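Peer 1: The structure's right below; bear with me while I get my questions together.
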Amino acid sequence: MWENLAAGAAAAVTPENLLWCFIGAVLGTVIGILPGLGSATGVAILIPVTLTLSPLTALIMLAGIYHGAQFGSTTTAILIATPGESSSVVSTFDGYQMARKGRAGQALAISTIGAFAASVVSLGFLMLLAPSFARLALNFGPPEMLAIMVLGLATIVVFSGKALVPGLMMGLLGILVACVGVDVGSGTPRYTFGEVNLFGGLPFVEVMIGLFALGELLNQLHRGSVTPIRTRFRDLLLTREDLRRSVAPTVRGGVVGFLLGCLPGAGTTLASFMAYGAEKQFSRNRRELGTGAIEGVVAPDAATGAASNANFVPTLALGVPGGATTAVLLGAFLVYGIQPGPMLFEQQPVLVWGLLFSFLVGSFMLLVLNLPLAPVFAQILRVRYAFMYPLIIATSLLGAYSVKNSMFSVWVVLVFGVVGYAMKRLDLPMAPLVLGLVIGPLFEKALVQTSALAGDAGIASLVLTSPAAITVLALALVLVAGPLLVARLRPQRVVEDAAPETVTVGAPAGDDQTDRTTRTDRQGDR
């Protein structure tokens with residue numbers, strides 16, 4: 001293996017391959033910043049450009065686009081709550097709140113560092129364990145994937161927090177919205193009302209642009225008297241405390257992202273949500289999540305960085321795409337006359353290891369590109385909102401239109417922009433709705449496939465005879481019931497002299513400088 005790795009590394013660092021890797025990273029970053037375009041679309045558009053290149057050079061460039069888009073999409077998610085990729089939706093929960101508090105530079109910087117660290121570490125595991133993980137992933141059939149989707153649905157409880165009933169309602173609404181389109185099992189249209197554009201379901205990216213970008217913009221317009229952020233460059237640097245709080249979330253997010261990324265079809269979006277859910281459970285500062293906690297930024301982005309590398313485990317070793325973008329890349333392999341599968345590591349070692357080593361080179365390039373630019377990007381928030389709001393609206397609508405060159409996508413953005421605004425005004429949780437939209441189609445697909453395999457014996461006959469599925473279902477049960485049991489068993493401390501001291505802390509200068517956070521310190525607990 002080490003000889004093949006050395007040969008692949010030598011092939012990856014030739015001047016030509018380094019140049020195309022850099023071009024791919026830059027193009028991917030730009031593609032990620034543009035709402036609605038996405039890495040899958042960018043890779044598909046640029047495949048014809050690479051036909052004159054050698055297969056390794058072409059794949060290195062396309063992989064650079066893929067990874068660069070993950071970095072770029074987080075930028076707009078943090079700055080203007082407009083995720084360029086579905087995996088960056090979670091970054092809006094705390095990243096945008098940090099930006100509103102004048103900490104956009106820190107949010108962008110820690111996102112870049114966390115994604116880079118998790119990407120590099122996961123790449124090491126990928127090189128060492130790819131064949132073993134491929135064999136393990138091969139044993140994950142529909143019953144096991146169904147159990148994983150149940151685990152994903154269980155995280156809705158985690159995302160809901162204390163607002164359990166509204167959270168469950170929003171999660172069910174997300175699953176219901178995900179049911180729009182053609183039934184996976186029977187091919188029958190559902191909830192389409194005769195509209196042909198709905199046969200493929202409601203487009204996820206357009207829905208996210210509406211909910212987050214347009215919904216937030218309408219909410220800010222409703223509040224009125226919004227002033228731009230005023231902050232100095234030196235205020236945008238990470239502190240030692242920021243770095244200390246980011247270590248554990250980076251590790252947890254990287255582990256979750258790598259494990260889920262190795263599974264066929266899981267993609268990076270589910271990994272980012274699961275990593276955020278893990279922080280909700282295990283972070284020492286879990287109560288701050290959703291209000292601008294740095295853990296809520298670094299964990300999902302670390303998971304995305306690790307999962308984007310791990311997605312190549314099933315793609316290269318099994319010939320099964322790990323996500324949407326790797327599905328397009330799988331088509332590129334076939335265009336270049338390369339057949340991914342178990343024999344690829346033996347037949348084309350230089351190509352495989354050269355491609356994997358280029359991920360490491362590309363990660364360093366993206367770190368050098370994005371980290372110094374974090375304070376520069378943060379200065380965008382200094383622009384007067386009278387100029388910024390029309391730009392956000394135009395970018396969102398143009399980005400949505402560019403997905404399918406259809407006005408239908410624009411109408412979807414407008415409708416869900418109103419929905420997002422209504423949810424913010426009613427203080428309804430957004431995360432469970434989005435999680436339902438993500439997991440709904442995956443859950444239905446796994447359920448239909450498991451049902452077809454089980455036949456008359458029933459789904460339980462397959463799921464409950466699989467050790468892996470039983471383990472995942474047990475984890476889902478612990479995830480749901482664990483916090484409730486701990487709360488009941490933990491002795492209730494009676495606090496005397498419990499007159500709360502209320503301290504009003506002014507929020508740092510942000511979009512809404514009238515916001516205030518109230519912290520209650522109970523003297524008796526000290």
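Identifiers for the structure tokens are assigned positionally: chains receive A, B, ... in sequence, residues are indexed from 1 per chain, and ligands are indexed from 1 in the order shown.
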Leaving out A:Gly84 and any residue of its chain fewer than 4 positions from it, which residues lie within 12 Å of it when counting only C-alpha atoms, given as a PDB file with N, CA and C atoms, in the first residue's frame?

Peer 2:
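Everything below was put into part-v9.pdb:
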ATOM      1  N   GLY A  28     -14.827  25.836  -7.104  1.00  0.00           N
ATOM      2  CA  GLY A  28     -15.755  25.251  -6.149  1.00  0.00           C
ATOM      3  C   GLY A  28     -16.181  26.235  -5.080  1.00  0.00           C
ATOM      4  N   THR A  29     -15.231  27.048  -4.603  1.00  0.00           N
ATOM      5  CA  THR A  29     -15.570  28.060  -3.596  1.00  0.00           C
ATOM      6  C   THR A  29     -16.572  29.060  -4.148  1.00  0.00           C
ATOM      7  N   VAL A  30     -16.356  29.504  -5.384  1.00  0.00           N
ATOM      8  CA  VAL A  30     -17.285  30.445  -6.017  1.00  0.00           C
ATOM      9  C   VAL A  30     -18.645  29.791  -6.224  1.00  0.00           C
ATOM     10  N   ILE A  31     -18.645  28.537  -6.678  1.00  0.00           N
ATOM     11  CA  ILE A  31     -19.899  27.819  -6.893  1.00  0.00           C
ATOM     12  C   ILE A  31     -20.656  27.660  -5.584  1.00  0.00           C
ATOM     13  N   GLY A  32     -19.934  27.369  -4.488  1.00  0.00           N
ATOM     14  CA  GLY A  32     -20.587  27.219  -3.201  1.00  0.00           C
ATOM     15  C   GLY A  32     -21.193  28.510  -2.693  1.00  0.00           C
ATOM     16  N   ILE A  33     -20.560  29.639  -2.998  1.00  0.00           N
ATOM     17  CA  ILE A  33     -21.084  30.929  -2.554  1.00  0.00           C
ATOM     18  C   ILE A  33     -22.376  31.282  -3.282  1.00  0.00           C
ATOM     19  N   LEU A  34     -22.521  30.847  -4.527  1.00  0.00           N
ATOM     20  CA  LEU A  34     -23.712  31.169  -5.303  1.00  0.00           C
ATOM     21  C   LEU A  34     -24.879  30.290  -4.863  1.00  0.00           C
ATOM     22  N   PRO A  35     -25.945  30.857  -4.318  1.00  0.00           N
ATOM     23  CA  PRO A  35     -27.069  30.046  -3.834  1.00  0.00           C
ATOM     24  C   PRO A  35     -27.730  29.273  -4.976  1.00  0.00           C
ATOM     25  N   GLY A  36     -28.029  28.021  -4.708  1.00  0.00           N
ATOM     26  CA  GLY A  36     -28.794  27.229  -5.656  1.00  0.00           C
ATOM     27  C   GLY A  36     -27.968  26.440  -6.637  1.00  0.00           C
ATOM     28  N   LEU A  37     -26.705  26.808  -6.846  1.00  0.00           N
ATOM     29  CA  LEU A  37     -25.907  26.104  -7.849  1.00  0.00           C
ATOM     30  C   LEU A  37     -25.452  24.753  -7.311  1.00  0.00           C
ATOM     31  N   GLY A  38     -24.659  24.742  -6.251  1.00  0.00           N
ATOM     32  CA  GLY A  38     -24.278  23.500  -5.603  1.00  0.00           C
ATOM     33  C   GLY A  38     -23.170  22.751  -6.313  1.00  0.00           C
ATOM     34  N   SER A  39     -22.488  21.885  -5.552  1.00  0.00           N
ATOM     35  CA  SER A  39     -21.341  21.161  -6.093  1.00  0.00           C
ATOM     36  C   SER A  39     -21.743  20.164  -7.163  1.00  0.00           C
ATOM     37  N   ALA A  40     -22.892  19.492  -6.996  1.00  0.00           N
ATOM     38  CA  ALA A  40     -23.318  18.495  -7.987  1.00  0.00           C
ATOM     39  C   ALA A  40     -23.544  19.149  -9.351  1.00  0.00           C
ATOM     40  N   THR A  41     -24.227  20.293  -9.341  1.00  0.00           N
ATOM     41  CA  THR A  41     -24.466  21.016 -10.588  1.00  0.00           C
ATOM     42  C   THR A  41     -23.158  21.538 -11.175  1.00  0.00           C
ATOM     43  N   GLY A  42     -22.301  22.097 -10.319  1.00  0.00           N
ATOM     44  CA  GLY A  42     -21.026  22.617 -10.799  1.00  0.00           C
ATOM     45  C   GLY A  42     -20.155  21.546 -11.434  1.00  0.00           C
ATOM     46  N   GLY A  68     -14.290  22.402  -2.592  1.00  0.00           N
ATOM     47  CA  GLY A  68     -14.354  23.855  -2.508  1.00  0.00           C
ATOM     48  C   GLY A  68     -15.763  24.366  -2.295  1.00  0.00           C
ATOM     49  N   ALA A  69     -16.728  23.701  -2.903  1.00  0.00           N
ATOM     50  CA  ALA A  69     -18.120  24.123  -2.742  1.00  0.00           C
ATOM     51  C   ALA A  69     -18.591  23.967  -1.307  1.00  0.00           C
ATOM     52  N   GLN A  70     -18.063  22.955  -0.601  1.00  0.00           N
ATOM     53  CA  GLN A  70     -18.435  22.775   0.805  1.00  0.00           C
ATOM     54  C   GLN A  70     -17.970  23.971   1.636  1.00  0.00           C
ATOM     55  N   PHE A  71     -16.766  24.479   1.346  1.00  0.00           N
ATOM     56  CA  PHE A  71     -16.251  25.648   2.071  1.00  0.00           C
ATOM     57  C   PHE A  71     -17.029  26.905   1.692  1.00  0.00           C
ATOM     58  N   GLY A  72     -17.241  27.095   0.385  1.00  0.00           N
ATOM     59  CA  GLY A  72     -17.885  28.324  -0.073  1.00  0.00           C
ATOM     60  C   GLY A  72     -19.318  28.458   0.388  1.00  0.00           C
ATOM     61  N   SER A  73     -20.049  27.353   0.424  1.00  0.00           N
ATOM     62  CA  SER A  73     -21.463  27.435   0.788  1.00  0.00           C
ATOM     63  C   SER A  73     -21.645  27.856   2.235  1.00  0.00           C
ATOM     64  N   THR A  74     -20.662  27.538   3.088  1.00  0.00           N
ATOM     65  CA  THR A  74     -20.757  27.941   4.490  1.00  0.00           C
ATOM     66  C   THR A  74     -20.629  29.453   4.638  1.00  0.00           C
ATOM     67  N   THR A  75     -19.915  30.098   3.734  1.00  0.00           N
ATOM     68  CA  THR A  75     -19.712  31.541   3.824  1.00  0.00           C
ATOM     69  C   THR A  75     -21.030  32.294   3.780  1.00  0.00           C
ATOM     70  N   THR A  76     -21.855  32.000   2.773  1.00  0.00           N
ATOM     71  CA  THR A  76     -23.138  32.697   2.676  1.00  0.00           C
ATOM     72  C   THR A  76     -24.110  32.224   3.752  1.00  0.00           C
ATOM     73  N   ALA A  77     -23.986  30.963   4.191  1.00  0.00           N
ATOM     74  CA  ALA A  77     -24.852  30.478   5.265  1.00  0.00           C
ATOM     75  C   ALA A  77     -24.623  31.274   6.542  1.00  0.00           C
ATOM     76  N   ILE A  78     -23.367  31.600   6.834  1.00  0.00           N
ATOM     77  CA  ILE A  78     -23.041  32.341   8.045  1.00  0.00           C
ATOM     78  C   ILE A  78     -23.341  33.831   7.895  1.00  0.00           C
ATOM     79  N   LEU A  79     -23.016  34.401   6.744  1.00  0.00           N
ATOM     80  CA  LEU A  79     -23.127  35.852   6.594  1.00  0.00           C
ATOM     81  C   LEU A  79     -24.554  36.317   6.363  1.00  0.00           C
ATOM     82  N   ILE A  80     -25.290  35.626   5.485  1.00  0.00           N
ATOM     83  CA  ILE A  80     -26.635  36.109   5.127  1.00  0.00           C
ATOM     84  C   ILE A  80     -27.690  35.016   5.228  1.00  0.00           C
ATOM     85  N   SER A  88     -24.881  22.814   4.328  1.00  0.00           N
ATOM     86  CA  SER A  88     -24.562  24.034   5.074  1.00  0.00           C
ATOM     87  C   SER A  88     -25.770  24.635   5.774  1.00  0.00           C
ATOM     88  N   VAL A  89     -26.919  23.986   5.661  1.00  0.00           N
ATOM     89  CA  VAL A  89     -28.123  24.512   6.324  1.00  0.00           C
ATOM     90  C   VAL A  89     -27.889  24.633   7.825  1.00  0.00           C
ATOM     91  N   VAL A  90     -27.256  23.620   8.424  1.00  0.00           N
ATOM     92  CA  VAL A  90     -27.054  23.624   9.871  1.00  0.00           C
ATOM     93  C   VAL A  90     -26.150  24.774  10.299  1.00  0.00           C
ATOM     94  N   SER A  91     -25.279  25.221   9.409  1.00  0.00           N
ATOM     95  CA  SER A  91     -24.369  26.315   9.747  1.00  0.00           C
ATOM     96  C   SER A  91     -25.115  27.620   9.999  1.00  0.00           C
ATOM     97  N   THR A  92     -26.331  27.735   9.478  1.00  0.00           N
ATOM     98  CA  THR A  92     -27.093  28.967   9.701  1.00  0.00           C
ATOM     99  C   THR A  92     -27.612  29.067  11.126  1.00  0.00           C
ATOM    100  N   PHE A 204     -35.210  20.774  -2.809  1.00  0.00           N
ATOM    101  CA  PHE A 204     -34.716  21.037  -1.460  1.00  0.00           C
ATOM    102  C   PHE A 204     -33.965  22.361  -1.378  1.00  0.00           C
ATOM    103  N   VAL A 205     -33.082  22.618  -2.331  1.00  0.00           N
ATOM    104  CA  VAL A 205     -32.257  23.835  -2.263  1.00  0.00           C
ATOM    105  C   VAL A 205     -33.138  25.078  -2.310  1.00  0.00           C
ATOM    106  N   GLU A 206     -34.119  25.089  -3.192  1.00  0.00           N
ATOM    107  CA  GLU A 206     -35.010  26.241  -3.309  1.00  0.00           C
ATOM    108  C   GLU A 206     -35.829  26.443  -2.032  1.00  0.00           C
ATOM    109  N   VAL A 207     -36.249  25.341  -1.432  1.00  0.00           N
ATOM    110  CA  VAL A 207     -36.988  25.434  -0.168  1.00  0.00           C
ATOM    111  C   VAL A 207     -36.105  26.052   0.914  1.00  0.00           C
ATOM    112  N   MET A 208     -34.837  25.639   0.968  1.00  0.00           N
ATOM    113  CA  MET A 208     -33.919  26.176   1.983  1.00  0.00           C
ATOM    114  C   MET A 208     -33.650  27.668   1.758  1.00  0.00           C
ATOM    115  N   ILE A 209     -33.483  28.064   0.504  1.00  0.00           N
ATOM    116  CA  ILE A 209     -33.265  29.486   0.206  1.00  0.00           C
ATOM    117  C   ILE A 209     -34.453  30.310   0.681  1.00  0.00           C
ATOM    118  N   PHE A 212     -34.690  30.199   4.807  1.00  0.00           N
ATOM    119  CA  PHE A 212     -33.632  30.868   5.555  1.00  0.00           C
ATOM    120  C   PHE A 212     -33.333  32.264   5.021  1.00  0.00           C
ATOM    121  N   ALA A 213     -32.993  32.382   3.760  1.00  0.00           N
ATOM    122  CA  ALA A 213     -32.589  33.690   3.237  1.00  0.00           C
ATOM    123  C   ALA A 213     -33.767  34.656   3.190  1.00  0.00           C
ATOM    124  N   THR A 395     -29.843  37.722  -5.610  1.00  0.00           N
ATOM    125  CA  THR A 395     -28.973  36.543  -5.632  1.00  0.00           C
ATOM    126  C   THR A 395     -29.769  35.277  -5.364  1.00  0.00           C
ATOM    127  N   SER A 396     -30.685  35.345  -4.391  1.00  0.00           N
ATOM    128  CA  SER A 396     -31.484  34.169  -4.044  1.00  0.00           C
ATOM    129  C   SER A 396     -32.371  33.736  -5.202  1.00  0.00           C
ATOM    130  N   GLY A 399     -30.262  32.530  -8.142  1.00  0.00           N
ATOM    131  CA  GLY A 399     -29.707  31.224  -7.824  1.00  0.00           C
ATOM    132  C   GLY A 399     -30.748  30.130  -7.946  1.00  0.00           C
ATOM    133  N   ALA A 400     -31.964  30.403  -7.476  1.00  0.00           N
ATOM    134  CA  ALA A 400     -33.041  29.416  -7.586  1.00  0.00           C
ATOM    135  C   ALA A 400     -33.408  29.171  -9.048  1.00  0.00           C
ATOM    136  N   VAL A 403     -31.070  26.784 -11.098  1.00  0.00           N
ATOM    137  CA  VAL A 403     -31.040  25.346 -10.831  1.00  0.00           C
ATOM    138  C   VAL A 403     -31.659  24.573 -11.987  1.00  0.00           C
TER     139      VAL A 403
END

Peer 1: Neighbouring residues of stretch 6-15 of chain A were defined as those with any atom within 6 Å, considering only C-alpha atoms; residues of the same chain fewer than 5 positions away were excluded. Please report them as a PyMOL selection string.

Peer 2: chain A and resi 350+353-354+357-358

Peer 1: From the options A:Gln97, A:Thr50, A:Thr325, A:Gln106, which residue's atoms come nearest to A:Val376, counting only C-alpha atoms?

Peer 2: A:Gln106

Peer 1: Give me, as a VMD selection string, the residues of stretch 116-306 of chain A that a backbone DSSP run labels alpha helix (DSSP H).

Peer 2: chain A and resid 116 to 138 142 to 160 164 to 178 204 to 208 215 to 223 240 to 261 269 to 282 295 to 306

Peer 1: Contacts of A:Met274 at 9 Å or less, counting only C-alpha atoms, minus same-chain residues fewer than 4 places along, as a list of chain:residue names?

Peer 2: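 Listing them by chain and then by number gives A:Gly152, A:Thr155, A:Gly253, A:Val256, A:Gly257, A:Thr269, A:Leu270, A:Ala278, A:Glu279, A:Pro300, A:Ala303.
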
Peer 1: Take the residues just selected and output them with N, CA, C and O atoms as a PDB file, in the first residue's frame.

Peer 2:
ATOM      1  N   GLY A 152     -31.962   8.902  12.624  1.00  0.00           N
ATOM      2  CA  GLY A 152     -32.023  10.292  12.177  1.00  0.00           C
ATOM      3  C   GLY A 152     -33.313  10.971  12.601  1.00  0.00           C
ATOM      4  O   GLY A 152     -33.310  12.125  13.048  1.00  0.00           O
ATOM      5  N   THR A 155     -33.415  12.136  16.180  1.00  0.00           N
ATOM      6  CA  THR A 155     -32.735  13.388  16.519  1.00  0.00           C
ATOM      7  C   THR A 155     -33.682  14.585  16.466  1.00  0.00           C
ATOM      8  O   THR A 155     -33.325  15.665  16.933  1.00  0.00           O
ATOM      9  N   GLY A 253     -17.747  15.828  15.603  1.00  0.00           N
ATOM     10  CA  GLY A 253     -18.290  16.029  14.266  1.00  0.00           C
ATOM     11  C   GLY A 253     -17.538  15.228  13.224  1.00  0.00           C
ATOM     12  O   GLY A 253     -18.139  14.649  12.306  1.00  0.00           O
ATOM     13  N   VAL A 256     -18.603  11.472  13.533  1.00  0.00           N
ATOM     14  CA  VAL A 256     -19.949  11.262  12.994  1.00  0.00           C
ATOM     15  C   VAL A 256     -19.945  11.380  11.470  1.00  0.00           C
ATOM     16  O   VAL A 256     -20.547  10.559  10.762  1.00  0.00           O
ATOM     17  N   GLY A 257     -19.267  12.403  10.956  1.00  0.00           N
ATOM     18  CA  GLY A 257     -19.223  12.612   9.513  1.00  0.00           C
ATOM     19  C   GLY A 257     -18.553  11.471   8.780  1.00  0.00           C
ATOM     20  O   GLY A 257     -19.039  11.023   7.734  1.00  0.00           O
ATOM     21  N   THR A 269     -25.266  15.872   4.083  1.00  0.00           N
ATOM     22  CA  THR A 269     -26.307  16.639   4.779  1.00  0.00           C
ATOM     23  C   THR A 269     -26.720  15.952   6.073  1.00  0.00           C
ATOM     24  O   THR A 269     -26.811  16.579   7.138  1.00  0.00           O
ATOM     25  N   LEU A 270     -26.989  14.653   5.995  1.00  0.00           N
ATOM     26  CA  LEU A 270     -27.385  13.912   7.192  1.00  0.00           C
ATOM     27  C   LEU A 270     -26.277  13.950   8.232  1.00  0.00           C
ATOM     28  O   LEU A 270     -26.552  14.068   9.435  1.00  0.00           O
ATOM     29  N   ALA A 278     -25.542  15.615  18.030  1.00  0.00           N
ATOM     30  CA  ALA A 278     -24.593  15.121  19.034  1.00  0.00           C
ATOM     31  C   ALA A 278     -24.156  16.242  19.970  1.00  0.00           C
ATOM     32  O   ALA A 278     -24.005  16.034  21.185  1.00  0.00           O
ATOM     33  N   GLU A 279     -23.952  17.438  19.426  1.00  0.00           N
ATOM     34  CA  GLU A 279     -23.595  18.576  20.280  1.00  0.00           C
ATOM     35  C   GLU A 279     -24.736  18.929  21.232  1.00  0.00           C
ATOM     36  O   GLU A 279     -24.500  19.326  22.370  1.00  0.00           O
ATOM     37  N   PRO A 300     -20.945  20.771  12.829  1.00  0.00           N
ATOM     38  CA  PRO A 300     -21.499  20.341  11.539  1.00  0.00           C
ATOM     39  C   PRO A 300     -20.551  20.536  10.369  1.00  0.00           C
ATOM     40  O   PRO A 300     -20.548  19.744   9.428  1.00  0.00           O
ATOM     41  N   ALA A 303     -18.142  17.726  10.419  1.00  0.00           N
ATOM     42  CA  ALA A 303     -18.814  16.529   9.911  1.00  0.00           C
ATOM     43  C   ALA A 303     -18.915  16.562   8.391  1.00  0.00           C
ATOM     44  O   ALA A 303     -18.715  15.538   7.720  1.00  0.00           O
TER      45      ALA A 303
END

Peer 1: Excluding stretch 434-450 of chain A and its own-chain neighbours fewer than 3 positions away, which residues fall within 8 Å of it when counting only C-alpha atoms? Please give them as number ranges by chain.

Peer 2: A: 142-143, 145-146, 149-150, 152-153, 156, 170-179, 184-185, 204, 269-270, 273, 430-431, 453-454, 459, 462

Peer 1: Near A:Met127, within 12 Å and counting only C-alpha atoms, which residues show up once chain neighbours fewer than 6 positions away are dropped, as a list in words?

Peer 2: Met1, Trp2, Asn4, Leu5, Gly8, Val120, Val121, Phe133, Ala134, Asn309, Ala310, Phe312, Val313, Leu316, Ala317, Phe345, Pro349, Val352, Trp353, Gly354, Leu355, Leu356, Phe357, Phe359 and Leu360 of chain A

Peer 1: Keeping only N, CA and C atoms, take the residues you just selected and write them out as a PDB file, in the first residue's frame.

Peer 2:
ATOM      1  N   MET A   1       0.829  -1.209   0.000  1.00  0.00           N
ATOM      2  CA  MET A   1       0.000   0.000   0.000  1.00  0.00           C
ATOM      3  C   MET A   1       0.866   1.262   0.000  1.00  0.00           C
ATOM      4  N   TRP A   2       1.977   1.219   0.801  1.00  0.00           N
ATOM      5  CA  TRP A   2       2.796   2.420   0.925  1.00  0.00           C
ATOM      6  C   TRP A   2       3.478   2.777  -0.392  1.00  0.00           C
ATOM      7  N   ASN A   4       2.187   2.178  -3.356  1.00  0.00           N
ATOM      8  CA  ASN A   4       1.127   2.772  -4.186  1.00  0.00           C
ATOM      9  C   ASN A   4       0.828   4.207  -3.744  1.00  0.00           C
ATOM     10  N   LEU A   5       0.837   4.420  -2.423  1.00  0.00           N
ATOM     11  CA  LEU A   5       0.585   5.772  -1.903  1.00  0.00           C
ATOM     12  C   LEU A   5       1.685   6.727  -2.342  1.00  0.00           C
ATOM     13  N   GLY A   8       1.156   7.471  -5.981  1.00  0.00           N
ATOM     14  CA  GLY A   8       0.011   8.364  -6.152  1.00  0.00           C
ATOM     15  C   GLY A   8       0.321   9.785  -5.725  1.00  0.00           C
ATOM     16  N   VAL A 120      -8.571  16.453   7.047  1.00  0.00           N
ATOM     17  CA  VAL A 120      -7.227  15.856   7.021  1.00  0.00           C
ATOM     18  C   VAL A 120      -7.202  14.551   7.810  1.00  0.00           C
ATOM     19  N   VAL A 121      -7.784  14.561   9.018  1.00  0.00           N
ATOM     20  CA  VAL A 121      -7.782  13.354   9.843  1.00  0.00           C
ATOM     21  C   VAL A 121      -8.590  12.238   9.173  1.00  0.00           C
ATOM     22  N   PHE A 133     -13.647  -0.551   5.382  1.00  0.00           N
ATOM     23  CA  PHE A 133     -14.921   0.133   5.454  1.00  0.00           C
ATOM     24  C   PHE A 133     -15.797  -0.204   4.252  1.00  0.00           C
ATOM     25  N   ALA A 134     -15.179  -0.451   3.122  1.00  0.00           N
ATOM     26  CA  ALA A 134     -15.957  -0.832   1.943  1.00  0.00           C
ATOM     27  C   ALA A 134     -16.659  -2.165   2.172  1.00  0.00           C
ATOM     28  N   ASN A 309     -15.037  13.445   2.337  1.00  0.00           N
ATOM     29  CA  ASN A 309     -13.962  12.506   2.014  1.00  0.00           C
ATOM     30  C   ASN A 309     -14.449  11.065   2.081  1.00  0.00           C
ATOM     31  N   ALA A 310     -15.187  10.755   3.149  1.00  0.00           N
ATOM     32  CA  ALA A 310     -15.649   9.376   3.345  1.00  0.00           C
ATOM     33  C   ALA A 310     -16.628   8.943   2.266  1.00  0.00           C
ATOM     34  N   PHE A 312     -16.206   8.903  -0.672  1.00  0.00           N
ATOM     35  CA  PHE A 312     -15.474   8.208  -1.728  1.00  0.00           C
ATOM     36  C   PHE A 312     -15.196   6.744  -1.390  1.00  0.00           C
ATOM     37  N   VAL A 313     -15.471   6.326  -0.150  1.00  0.00           N
ATOM     38  CA  VAL A 313     -15.306   4.910   0.196  1.00  0.00           C
ATOM     39  C   VAL A 313     -16.247   4.042  -0.631  1.00  0.00           C
ATOM     40  N   LEU A 316     -15.500   4.606  -4.664  1.00  0.00           N
ATOM     41  CA  LEU A 316     -14.328   3.979  -5.260  1.00  0.00           C
ATOM     42  C   LEU A 316     -14.322   2.462  -5.078  1.00  0.00           C
ATOM     43  N   ALA A 317     -14.665   2.001  -3.881  1.00  0.00           N
ATOM     44  CA  ALA A 317     -14.510   0.582  -3.567  1.00  0.00           C
ATOM     45  C   ALA A 317     -15.702  -0.268  -3.985  1.00  0.00           C
ATOM     46  N   PHE A 345      -8.679  -0.586  -6.748  1.00  0.00           N
ATOM     47  CA  PHE A 345      -7.455  -0.345  -5.976  1.00  0.00           C
ATOM     48  C   PHE A 345      -6.293  -1.183  -6.512  1.00  0.00           C
ATOM     49  N   PRO A 349      -3.910   1.655  -9.127  1.00  0.00           N
ATOM     50  CA  PRO A 349      -3.452   2.177  -7.825  1.00  0.00           C
ATOM     51  C   PRO A 349      -2.966   3.619  -7.889  1.00  0.00           C
ATOM     52  N   VAL A 352      -6.058   5.936  -8.039  1.00  0.00           N
ATOM     53  CA  VAL A 352      -6.820   5.980  -6.781  1.00  0.00           C
ATOM     54  C   VAL A 352      -6.052   6.745  -5.714  1.00  0.00           C
ATOM     55  N   TRP A 353      -4.791   6.370  -5.492  1.00  0.00           N
ATOM     56  CA  TRP A 353      -4.031   7.014  -4.434  1.00  0.00           C
ATOM     57  C   TRP A 353      -3.628   8.439  -4.804  1.00  0.00           C
ATOM     58  N   GLY A 354      -3.458   8.706  -6.087  1.00  0.00           N
ATOM     59  CA  GLY A 354      -3.204  10.078  -6.511  1.00  0.00           C
ATOM     60  C   GLY A 354      -4.405  10.971  -6.255  1.00  0.00           C
ATOM     61  N   LEU A 355      -5.613  10.438  -6.515  1.00  0.00           N
ATOM     62  CA  LEU A 355      -6.831  11.199  -6.255  1.00  0.00           C
ATOM     63  C   LEU A 355      -6.996  11.454  -4.760  1.00  0.00           C
ATOM     64  N   LEU A 356      -6.776  10.413  -3.935  1.00  0.00           N
ATOM     65  CA  LEU A 356      -6.926  10.573  -2.489  1.00  0.00           C
ATOM     66  C   LEU A 356      -5.894  11.550  -1.933  1.00  0.00           C
ATOM     67  N   PHE A 357      -4.673  11.493  -2.422  1.00  0.00           N
ATOM     68  CA  PHE A 357      -3.652  12.422  -1.934  1.00  0.00           C
ATOM     69  C   PHE A 357      -3.971  13.859  -2.365  1.00  0.00           C
ATOM     70  N   PHE A 359      -6.792  15.163  -2.294  1.00  0.00           N
ATOM     71  CA  PHE A 359      -7.715  15.722  -1.299  1.00  0.00           C
ATOM     72  C   PHE A 359      -6.935  16.459  -0.214  1.00  0.00           C
ATOM     73  N   LEU A 360      -5.808  15.870   0.187  1.00  0.00           N
ATOM     74  CA  LEU A 360      -4.973  16.512   1.204  1.00  0.00           C
ATOM     75  C   LEU A 360      -4.413  17.829   0.680  1.00  0.00           C
TER      76      LEU A 360
END

Peer 1: Could you tell me how far atom CA of A:Leu168 sits from atom CA of A:Leu214, in Å to one decimal place?

Peer 2: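 Atom-to-atom, atom CA of A:Leu214 and atom CA of A:Leu168 are spaced 24.0 Å apart.
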
Peer 1: Pick out each residue of stretch 79-195 of chain A that DSSP on the backbone tags as strand (DSSP E or B); I need them as a list in words.

Peer 2: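 Matching residues, listed in order: Gly181, Val182, Pro189 and Arg190 of chain A.
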
Peer 1: Find the spatial neighbours of A:Glu195, counting only C-alpha atoms, within a cut-off of 12 Å - ignore same-chain residues fewer than 5 positions away - and output them as a list in words.

Peer 2: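 What passes the distance filter is Val180, Gly181, Val182, Pro189, Arg190, Gly200, Gly201, Leu202 and Phe408 of chain A.
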
Peer 1: Identify which of the residues A:Leu108, A:Glu144, A:Arg244, A:Leu263 lies closest to A:Ile470, counting only C-alpha atoms when measuring atom-to-atom distances.

Peer 2: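 Distance minimum relative to A:Ile470 lands on A:Glu144.
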
Peer 1: Could you list, as a PyMOL selection string, every residue within 9 Å of A:Ala422, counting only C-alpha atoms and ignoring same-chain residues fewer than 6 positions away?

Peer 2: chain A and resi 215+219+428
